[in-house]
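Undergrad: Mind having a look at this structure? Questions to follow.
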Amino acid sequence: MSTKTIYVIGAGEVIKTYFKKMVLSCLMALLVSSLGEGNTALADQTVKVTDTQTSYAAPVRKSYNNSFISGDDLVWIGSDATNLYQIFYRNLDTGETKQLTDTKTNKTDLWAGGDYAVYFADRREVILLNLRTGESESIINHTTVENLTTDGRYAAYMNKTDSYIYVYDLESKQTKQLVKGRYPQVADGKIIMQDGKGSLLLYDCASGTTRTMKEPVDGYIINFKFNGKVVVWTQQVNEHTVQVRMMNVDELNAVPTVLAQKKMDKNTSWPTMLAISSNLIVWRQASEDGGKSEIAAGELTYGESIIIANETTESKLVGIYNDQVALQGNDGNILLSSLQVSGTPTAKKETLASAVPDVKQRPQAVEFDTRFYKEGLTYKELIQSKSQVEGHPVSSDKSVSLVVPPYSFQDTLGKIRLAPGEDKNLELTKAMQSGQMMVSLPWNIDFPDKTVLEIQLNMSYMESRVPHNLRDKLGIFRLESDTWIYMGGLLGDNSNVIHTAIEKPGIYAIFLHDFSDGPLREYWVNKRIKQTIAEDPIRVFLDGEELKFNEQPALHENYTTVEFRTIFEKLGLTIQWDENARRVTGQKEGQSLSLQLGSLSASINEQSIDMPVAPYSNKGYTFVPLRFVGEATGRKVVWDANLKAVYLYDASTEGKLFYEDGKLKYEGQLKGGKMNGKGKLYRNDGSLWYDAEFQNDEVTGWGTMYFEGFLFGEDRTGEIITGQFTRGLPNGVIRKYDDSGFLKYEGQEVFGSLTGKGKLYIQGRPVYEGGMKDGYFSGHGKYYVGGKLKYEGGFVQSMEDGNGKEYDANGLLQREGEYKKGNRNGNGIDYYPSGAKSYVGPFVNGTRSGAGKQYYENGNLRAEGLYEHHYIVKGTYYYDNGERYEGDFINGFPDGQGTLYDKNGTVKFQGKFKQGKPEA
């Protein structure tokens with residue numbers, strides 16, 4: 001950095017301007033200290049020093065302390081040769097300098113913008129001054145103007161009489177009253193101002209609309225600057241911390257970015273906002289060593305900040321010219337400190353401001369007990385009720401509601417608690433990814449993680465934060481492992497509610513995630529299906545026949561490649577192999593296709609054409625790009641991403657069918673006017689129904705079915721089934737996905753009923769794997785709770801039935817035995833967590849009943865006898881000191897007639913016992 005000093009001297013004298021080089025300590029730093037800390041992380045940026053000699057002329061002896069820079073224009077109030085204060089102007093680019101006024105009025109509140117400046121004359125009228133021509137006119141005439149500002153098209157000010165903000169249109173000559181407030185700043189036809197509550201408001205002069213940009217819910221907004229695109233302000237976060245924040249006003253309800261943070265105490269002053277340009281903001285702050293204050297500059301493009309540590313820090317800041325900071329010394333001279341920032345920050349910027357939306361009143365936490373639920377309601381019934389549904393959890397502000405199933409598989413769900421999530425240590429904000437904006441409050445939804453049924457979560461988003469054309473970018477996300485994970489989100493038709501299924505407690509919020517070309521849900525569905533089938537082999541269908549290869553098709557440089565001999569022969573090509581040239585040629589009825597290993601150049605009918613990937617050798621077989629070969633031989637090639645399959649067929653068989661009202665019904669292969677082959681069937685509303693193989697107008701073969709609407713009282717919109725179909729019903733090997741792309745089931749179905757071997761999931765966590773029949777668990781299987789194995793054994797109609805084992809939450813064997821209708825009925829064993837036997841004997845409806853034995857953890861016998869309803873009622877109890885009791889028991893304690901023996905077998909007491917003790 002260097003500074004050039006502009007000396008202001010008397011009119012008519014010889015102008016003397018010189019440049020004083022300063023060796024400055026320029027520390028490039030990112031002020032990224034966390035709340036309550038003062039650490040600084042270095043970034044990969046440099047400050048370049050510039051030193052360009054320029055001459056200026058000025059017709060004044062001394063400048064007054066009201067100076068302003070707007071673009072290339074330096075405008076100030078200074079004394080002329082007669083000691084009267086006038087308005088002066090200098091173009092900092094060309095050096096042109098002139099005195100714009102010669103009146104004797106008292107001039108204050110100078111502000112420049114565009115081609116104009118405004119000032120208050122004699123505390124009674126506002127003067128508009130043309131910087132190019134020097135022409136002036138009175139535009140406002142009263143004595144209570146304050147906070148005067150202009151952008152060259154509009155002038156804004158506060159009227160101290162009524163405390164309203166007014167805007168004056170320089171073209172129409174009209175004045176408009178806005179709102180009660182203070183400190184208006186106009187730029188690019190927009191006005192930032194502060195209302196009586198301390199909120200920042202944005203007024204658009206063209207549309208006449210006002211909206212709240214930032215409410216002081218997390219600290220007091222002290223002062224601010226505005227350049228038409230970005231508003232920057234200082235904010236007192238707490239008693240000891242102040243931040244410099246910025247926000248883009250063109251982004252609807254943008255989240256503030258923190259440029260800097262300072263610890264404050266009684267010996268340090270608040271950062272003072274001084275000047276803003278298109279790319280820099282400059283302020284004064286206390287230095288780290290507690291000495292003189294220093295000038296800090298924030299780079300608006302990157303949202304970073306630097307410190308300018310120099311000898312002129314006690315000077316007044318006038319403004320910013322290009323990348324130079326204009327300072328004014330006590331002698332009235334203007335110093336331009338050159339600053340050029342280059343390079344992109346590489347250090348990770350620490351998050352300092354919360355991205356949780358501002359709310360005027362924080363909702364209260366509420367708690368519900370699901371034990372009193374008598375029946376569940378569907379989402380459709382909940383919405384139609386248009387009010388809080390008794391028995392279903394609804395947040396105190398009505399923005400969150402749950403549809404809870406009346407019963408879980410085995411246990412009641414228990415208590416549910418809804419509480420607004422707190423952004424402690426900014427963990428919610430730091431977990432956000434690029435392109436995410438939180439458009440609802442985060443909610444902590446807490447319930448025991450033991451259910452295997454999905455709970456439907458309905459959340460409302462803040463409509464003011466979501467442009468209507470971006471509603472398909474909305475989704476419900478759950479905080480997991482320091483990352484927000486997409487859980488789904490189906491939009492309501494005419495409300496700001498979206499819903500999805502959840503199956504585990506956690507913090508949930510709605511995000512606008514604008515990062516993909518298509519809808520957010522579609523992106524995640526496609527991504528998760530792709531992840532699910534990543535290990536599946538690529539399958540190839542030619543004219544409806546699935547081809548079998550000696551070596552499986554493979555992705556090579558992101559292109560599907562296959563063994564050439566099989567595909568050439570199935571396409572009817574006669575094959576010739578040139579070993580020397582390592583070239584394969586296929587011919588058929590005047591067609592010729594020639595490819596060479598390692599070469600991107602192919603020959604079709606002796607015309608050279610480039611291929612996307614060269615043929616290569618794989619495990620002794622020559623592989624060629626499938627799409628290229630198929631299209632070169634006149635075939636239509638279609639990739640089915642859901643099935644990981646390639647279809648090749650004669651393009652002339654394609655056609656379209658329409659509904660009676662003219663809407664598209666089907667597009668794909670036809671035969672005799674009927675759907676035959678690969679094609680897509682649409683509903684009358686235009687939504688895709690099937691993307692599959694067809695036979696005589698029926699879905700038969702491999703394909704995908706897309707659900708829409710309600711089925712058996714459940715909203716199935718967005719769910720997908722892929723696999724084998726017969727007459728439109730899943731029949732064979734299939735996969736089911738929920739509306740966010742999570743795998744729900746993989747296995748066998750018979751005409752729409754889960755029958756055969758299969759695996760059930762809820763949002764990626766296993767629920768069951770094993771035999772299925774008519775939609776029920778049947779035969780041997782494994783049942784999971786909260787993603788952990790709970791039971792393994794026999795099932796009949798989804799209830800434990802047969803020999804089985806139960807496990808605790810840590811995966812340790814808890815009990816085993818014979819089960820009937822969901823409970824142990826027959827002989828069984830209970831275990832200690834150590835694995836030692838705790839009880840061996842019969843059970844009835846899950847409780848110990850009959851002749852059984854209990855053991856200490858060391859294996860010694862503890863009790864034996866007759867058990868009823870879990871407790872021993874008659875038998876022998878062995879104490880660990882060697883004594884034993886024989887007789888009656890109540891609730892496991894000696895109670896009734898009995899005998900107590902010592903360790904040698906001698907009777908110690910015989911008679912009546914009460915609650916384990918002999919009665920006197």
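To be explicit about the labels: the chains of the structure tokens are called A, B, and onward in the order shown, and within each one the residues are counted from 1, while ligands get numbers from 1 in the order they are shown.
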Applying 12 Å and only C-alpha atoms, which residues near Val629 in chain A remain after dropping the ones on its own chain fewer than 2 positions away? List them as a ChimeraX atom specification.
TA: /A:560-571,573,585-586,592-595,602-604,609-615,623-627,631-637,648
Undergrad: Let me make sure I understand: among A:Val638, A:Ile221, A:Lys415, A:Ser740, which one has the smallest atom-to-atom distance to Ile485 in chain A if we use only C-alpha atoms?
TA: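 Ranking A:Val638, A:Ile221, A:Lys415, A:Ser740 by distance to Ile485 in chain A, first place goes to A:Ser740.
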Undergrad: Would you give me, as a CSV table (one decimal) with N, CA and C atoms, in the first residue's frame, the residues in range 91-229 of chain A that DSSP reads as strand (DSSP E or B)?
TA:
chain,number,residue,atom,x,y,z
A,91,ASN,N,-12.8,15.4,-10.1
A,91,ASN,CA,-12.9,14.1,-10.7
A,91,ASN,C,-11.5,13.4,-10.5
A,97,THR,N,-11.1,19.8,-11.6
A,97,THR,CA,-11.5,20.4,-10.3
A,97,THR,C,-12.2,21.7,-10.5
A,98,LYS,N,-13.3,21.9,-9.7
A,98,LYS,CA,-14.1,23.2,-9.9
A,98,LYS,C,-14.9,23.5,-8.6
A,99,GLN,N,-15.1,24.8,-8.5
A,99,GLN,CA,-16.0,25.2,-7.4
A,99,GLN,C,-17.4,25.3,-7.9
A,107,LYS,N,-23.8,25.6,4.6
A,107,LYS,CA,-24.0,24.3,3.9
A,107,LYS,C,-23.6,23.1,4.8
A,108,THR,N,-24.6,22.2,4.9
A,108,THR,CA,-24.4,21.0,5.7
A,108,THR,C,-25.0,19.8,5.0
A,109,ASP,N,-24.8,18.6,5.6
A,109,ASP,CA,-25.4,17.4,5.2
A,109,ASP,C,-25.2,17.1,3.7
A,110,LEU,N,-23.9,17.2,3.3
A,110,LEU,CA,-23.6,17.0,1.9
A,110,LEU,C,-23.6,15.5,1.6
A,111,TRP,N,-24.2,15.1,0.4
A,111,TRP,CA,-24.2,13.8,0.0
A,111,TRP,C,-24.2,13.8,-1.6
A,112,ALA,N,-23.4,12.9,-2.2
A,112,ALA,CA,-23.3,12.8,-3.6
A,112,ALA,C,-23.7,11.4,-4.1
A,113,GLY,N,-24.3,11.4,-5.3
A,113,GLY,CA,-24.7,10.2,-5.9
A,113,GLY,C,-25.0,10.4,-7.4
A,116,TYR,N,-25.2,14.0,-9.3
A,116,TYR,CA,-25.7,15.0,-8.5
A,116,TYR,C,-25.2,14.9,-7.0
A,117,ALA,N,-25.3,16.1,-6.4
A,117,ALA,CA,-25.0,16.2,-4.9
A,117,ALA,C,-26.2,16.9,-4.3
A,118,VAL,N,-26.5,16.7,-3.1
A,118,VAL,CA,-27.5,17.4,-2.4
A,118,VAL,C,-26.9,17.9,-1.1
A,119,TYR,N,-27.4,19.1,-0.6
A,119,TYR,CA,-26.9,19.6,0.7
A,119,TYR,C,-28.0,20.4,1.3
A,120,PHE,N,-27.9,20.7,2.6
A,120,PHE,CA,-28.9,21.5,3.3
A,120,PHE,C,-28.3,22.9,3.4
A,121,ALA,N,-29.1,23.9,3.0
A,121,ALA,CA,-28.7,25.3,3.0
A,121,ALA,C,-29.4,26.1,4.0
A,125,GLU,N,-33.6,24.7,3.4
A,125,GLU,CA,-34.0,24.1,2.1
A,125,GLU,C,-32.9,23.2,1.6
A,126,VAL,N,-33.3,22.2,0.8
A,126,VAL,CA,-32.4,21.2,0.3
A,126,VAL,C,-32.1,21.6,-1.2
A,127,ILE,N,-30.8,21.7,-1.5
A,127,ILE,CA,-30.4,22.1,-2.8
A,127,ILE,C,-29.8,20.9,-3.6
A,128,LEU,N,-30.3,20.8,-4.8
A,128,LEU,CA,-29.8,19.8,-5.7
A,128,LEU,C,-28.8,20.4,-6.6
A,129,LEU,N,-27.6,19.8,-6.7
A,129,LEU,CA,-26.5,20.4,-7.4
A,129,LEU,C,-26.0,19.4,-8.5
A,130,ASN,N,-26.0,19.9,-9.8
A,130,ASN,CA,-25.5,19.1,-10.9
A,130,ASN,C,-23.9,19.1,-10.9
A,136,SER,N,-28.0,24.4,-10.1
A,136,SER,CA,-28.6,24.0,-8.8
A,136,SER,C,-30.0,24.5,-8.8
A,137,GLU,N,-30.8,23.8,-7.9
A,137,GLU,CA,-32.2,24.2,-7.7
A,137,GLU,C,-32.6,23.7,-6.3
A,138,SER,N,-33.6,24.4,-5.7
A,138,SER,CA,-34.1,24.0,-4.4
A,138,SER,C,-35.2,23.0,-4.7
A,139,ILE,N,-35.1,21.8,-4.0
A,139,ILE,CA,-36.1,20.8,-4.3
A,139,ILE,C,-37.0,20.5,-3.1
A,140,ILE,N,-36.5,20.9,-1.9
A,140,ILE,CA,-37.3,20.7,-0.7
A,140,ILE,C,-37.1,21.9,0.2
A,145,VAL,N,-35.3,18.9,7.9
A,145,VAL,CA,-34.7,17.9,7.2
A,145,VAL,C,-33.4,17.3,7.9
A,146,GLU,N,-33.3,16.0,7.9
A,146,GLU,CA,-32.1,15.3,8.5
A,146,GLU,C,-31.8,14.1,7.7
A,147,ASN,N,-30.6,13.6,7.8
A,147,ASN,CA,-30.1,12.4,7.1
A,147,ASN,C,-30.4,12.4,5.6
A,148,LEU,N,-29.9,13.5,5.0
A,148,LEU,CA,-30.1,13.7,3.6
A,148,LEU,C,-29.2,12.8,2.7
A,149,THR,N,-29.8,12.2,1.6
A,149,THR,CA,-29.0,11.3,0.8
A,149,THR,C,-29.6,11.3,-0.6
A,150,THR,N,-28.8,10.9,-1.6
A,150,THR,CA,-29.3,10.8,-3.0
A,150,THR,C,-28.5,9.8,-3.8
A,154,TYR,N,-33.1,9.8,-7.1
A,154,TYR,CA,-34.0,10.0,-6.0
A,154,TYR,C,-33.2,10.6,-4.8
A,155,ALA,N,-33.9,11.5,-4.0
A,155,ALA,CA,-33.3,12.0,-2.8
A,155,ALA,C,-34.2,11.6,-1.6
A,156,ALA,N,-33.6,11.2,-0.5
A,156,ALA,CA,-34.4,10.7,0.6
A,156,ALA,C,-33.9,11.4,1.8
A,157,TYR,N,-34.8,11.6,2.8
A,157,TYR,CA,-34.4,12.3,4.0
A,157,TYR,C,-35.4,12.0,5.1
A,158,MET,N,-35.1,12.3,6.3
A,158,MET,CA,-36.0,12.2,7.5
A,158,MET,C,-36.5,13.6,7.8
A,159,ASN,N,-37.8,13.6,8.1
A,159,ASN,CA,-38.4,14.9,8.6
A,159,ASN,C,-38.5,14.8,10.1
A,164,TYR,N,-41.0,10.8,9.8
A,164,TYR,CA,-41.2,10.0,8.6
A,164,TYR,C,-40.1,10.1,7.7
A,165,ILE,N,-39.8,9.0,6.9
A,165,ILE,CA,-38.9,9.1,5.8
A,165,ILE,C,-39.6,9.5,4.6
A,166,TYR,N,-39.0,10.4,3.8
A,166,TYR,CA,-39.6,10.9,2.6
A,166,TYR,C,-38.6,10.6,1.4
A,167,VAL,N,-39.2,10.4,0.2
A,167,VAL,CA,-38.4,10.3,-1.0
A,167,VAL,C,-38.8,11.2,-2.0
A,168,TYR,N,-37.9,11.9,-2.7
A,168,TYR,CA,-38.2,12.9,-3.7
A,168,TYR,C,-37.7,12.4,-5.0
A,169,ASP,N,-38.6,12.3,-6.1
A,169,ASP,CA,-38.2,11.8,-7.4
A,169,ASP,C,-37.7,13.0,-8.2
A,175,THR,N,-42.9,14.2,-4.2
A,175,THR,CA,-42.4,13.7,-2.9
A,175,THR,C,-43.4,12.7,-2.3
A,176,LYS,N,-42.8,11.6,-1.8
A,176,LYS,CA,-43.7,10.5,-1.2
A,176,LYS,C,-43.3,10.2,0.2
A,177,GLN,N,-44.3,10.1,1.1
A,177,GLN,CA,-44.0,9.7,2.5
A,177,GLN,C,-43.9,8.2,2.6
A,178,LEU,N,-42.9,7.7,3.3
A,178,LEU,CA,-42.7,6.3,3.4
A,178,LEU,C,-43.2,5.8,4.8
A,179,VAL,N,-42.3,5.5,5.7
A,179,VAL,CA,-42.6,5.0,7.0
A,179,VAL,C,-41.9,5.8,8.0
A,180,LYS,N,-42.3,5.7,9.3
A,180,LYS,CA,-41.5,6.3,10.3
A,180,LYS,C,-40.2,5.6,10.5
A,181,GLY,N,-39.1,6.4,10.5
A,181,GLY,CA,-37.8,5.8,10.6
A,181,GLY,C,-36.7,6.8,10.7
A,182,ARG,N,-35.5,6.3,10.4
A,182,ARG,CA,-34.3,7.2,10.4
A,182,ARG,C,-33.2,6.7,9.5
A,183,TYR,N,-32.3,7.5,9.3
A,183,TYR,CA,-31.0,7.2,8.5
A,183,TYR,C,-31.3,6.5,7.2
A,184,PRO,N,-32.1,7.2,6.3
A,184,PRO,CA,-32.3,6.6,5.0
A,184,PRO,C,-31.0,6.7,4.1
A,185,GLN,N,-30.8,5.7,3.3
A,185,GLN,CA,-29.6,5.8,2.4
A,185,GLN,C,-30.2,5.2,1.0
A,186,VAL,N,-30.1,6.0,0.0
A,186,VAL,CA,-30.6,5.6,-1.3
A,186,VAL,C,-29.5,5.3,-2.3
A,187,ALA,N,-29.6,4.2,-3.0
A,187,ALA,CA,-28.7,3.8,-4.1
A,187,ALA,C,-29.4,2.9,-5.1
A,190,LYS,N,-33.1,2.2,-4.7
A,190,LYS,CA,-33.6,1.5,-3.5
A,190,LYS,C,-33.1,2.3,-2.3
A,191,ILE,N,-33.9,2.2,-1.2
A,191,ILE,CA,-33.6,2.9,0.0
A,191,ILE,C,-33.6,2.0,1.2
A,192,ILE,N,-32.5,2.0,1.9
A,192,ILE,CA,-32.3,1.2,3.1
A,192,ILE,C,-32.5,2.2,4.3
A,193,MET,N,-33.4,1.9,5.2
A,193,MET,CA,-33.6,2.8,6.4
A,193,MET,C,-33.9,1.9,7.6
A,194,GLN,N,-34.0,2.6,8.7
A,194,GLN,CA,-34.2,1.9,10.0
A,194,GLN,C,-35.4,2.4,10.6
A,195,ASP,N,-36.3,1.4,11.0
A,195,ASP,CA,-37.6,1.8,11.7
A,195,ASP,C,-37.4,2.0,13.2
A,200,LEU,N,-34.0,-3.1,9.8
A,200,LEU,CA,-33.6,-2.6,8.5
A,200,LEU,C,-34.7,-2.8,7.5
A,201,LEU,N,-35.2,-1.8,6.8
A,201,LEU,CA,-36.2,-1.9,5.8
A,201,LEU,C,-35.7,-1.5,4.5
A,202,LEU,N,-36.2,-2.2,3.4
A,202,LEU,CA,-35.8,-1.9,2.0
A,202,LEU,C,-37.0,-1.4,1.3
A,203,TYR,N,-36.8,-0.2,0.7
A,203,TYR,CA,-37.9,0.4,-0.1
A,203,TYR,C,-37.5,0.4,-1.6
A,204,ASP,N,-38.3,-0.1,-2.5
A,204,ASP,CA,-38.0,-0.1,-3.9
A,204,ASP,C,-38.7,1.1,-4.5
A,209,THR,N,-42.7,-0.7,-3.1
A,209,THR,CA,-42.9,-1.7,-2.0
A,209,THR,C,-41.8,-1.6,-1.0
A,210,THR,N,-42.2,-2.0,0.3
A,210,THR,CA,-41.3,-2.0,1.4
A,210,THR,C,-41.3,-3.4,2.0
A,211,ARG,N,-40.1,-3.9,2.3
A,211,ARG,CA,-40.0,-5.1,3.0
A,211,ARG,C,-38.9,-5.1,4.1
A,212,THR,N,-39.1,-5.9,5.1
A,212,THR,CA,-38.1,-5.9,6.2
A,212,THR,C,-36.9,-6.8,5.8
A,213,MET,N,-35.7,-6.2,5.9
A,213,MET,CA,-34.5,-7.0,5.5
A,213,MET,C,-34.0,-7.7,6.7
A,214,LYS,N,-33.9,-7.1,7.9
A,214,LYS,CA,-33.3,-7.7,9.0
A,214,LYS,C,-33.9,-7.1,10.3
A,220,TYR,N,-28.4,-5.7,18.6
A,220,TYR,CA,-28.8,-4.3,18.1
A,220,TYR,C,-28.0,-3.9,16.9
A,221,ILE,N,-28.7,-3.4,15.9
A,221,ILE,CA,-28.0,-2.9,14.7
A,221,ILE,C,-27.7,-1.4,15.0
A,222,ILE,N,-26.3,-1.1,15.0
A,222,ILE,CA,-25.9,0.1,15.4
A,222,ILE,C,-25.8,1.2,14.3
A,223,ASN,N,-25.2,0.8,13.2
A,223,ASN,CA,-25.2,1.8,12.0
A,223,ASN,C,-24.9,0.9,10.8
A,224,PHE,N,-25.1,1.5,9.6
A,224,PHE,CA,-25.1,0.8,8.4
A,224,PHE,C,-24.7,1.6,7.2
A,225,LYS,N,-24.3,1.0,6.1
A,225,LYS,CA,-24.0,1.6,4.8
A,225,LYS,C,-24.6,0.8,3.7
A,226,PHE,N,-24.9,1.4,2.5
A,226,PHE,CA,-25.7,0.7,1.5
A,226,PHE,C,-25.1,1.2,0.1
Undergrad: Need to verify the contact set: Thr726 in chain A, 8 Å, only C-alpha atoms, exclusion of same-chain residues closer than 5 positions in sequence. Can you return it as a list in words?
TA: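 Contacts, in chain order: Glu698, Val699, Thr700, Gly701, Asn731 and Phe751 of chain A.
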Undergrad: Rounded to one decimal in Å, what is the spacing between CA of Lys917 in chain A and CA of Asn860 in chain A?
TA: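 Between these atoms lies a distance of 22.9 Å.
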Undergrad: As an exercise, work out the distance from CA of Asp369 in chain A to CA of Lys788 in chain A in Å and give it to one decimal place.
TA: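 Here the two named atoms are 24.5 Å from each other.
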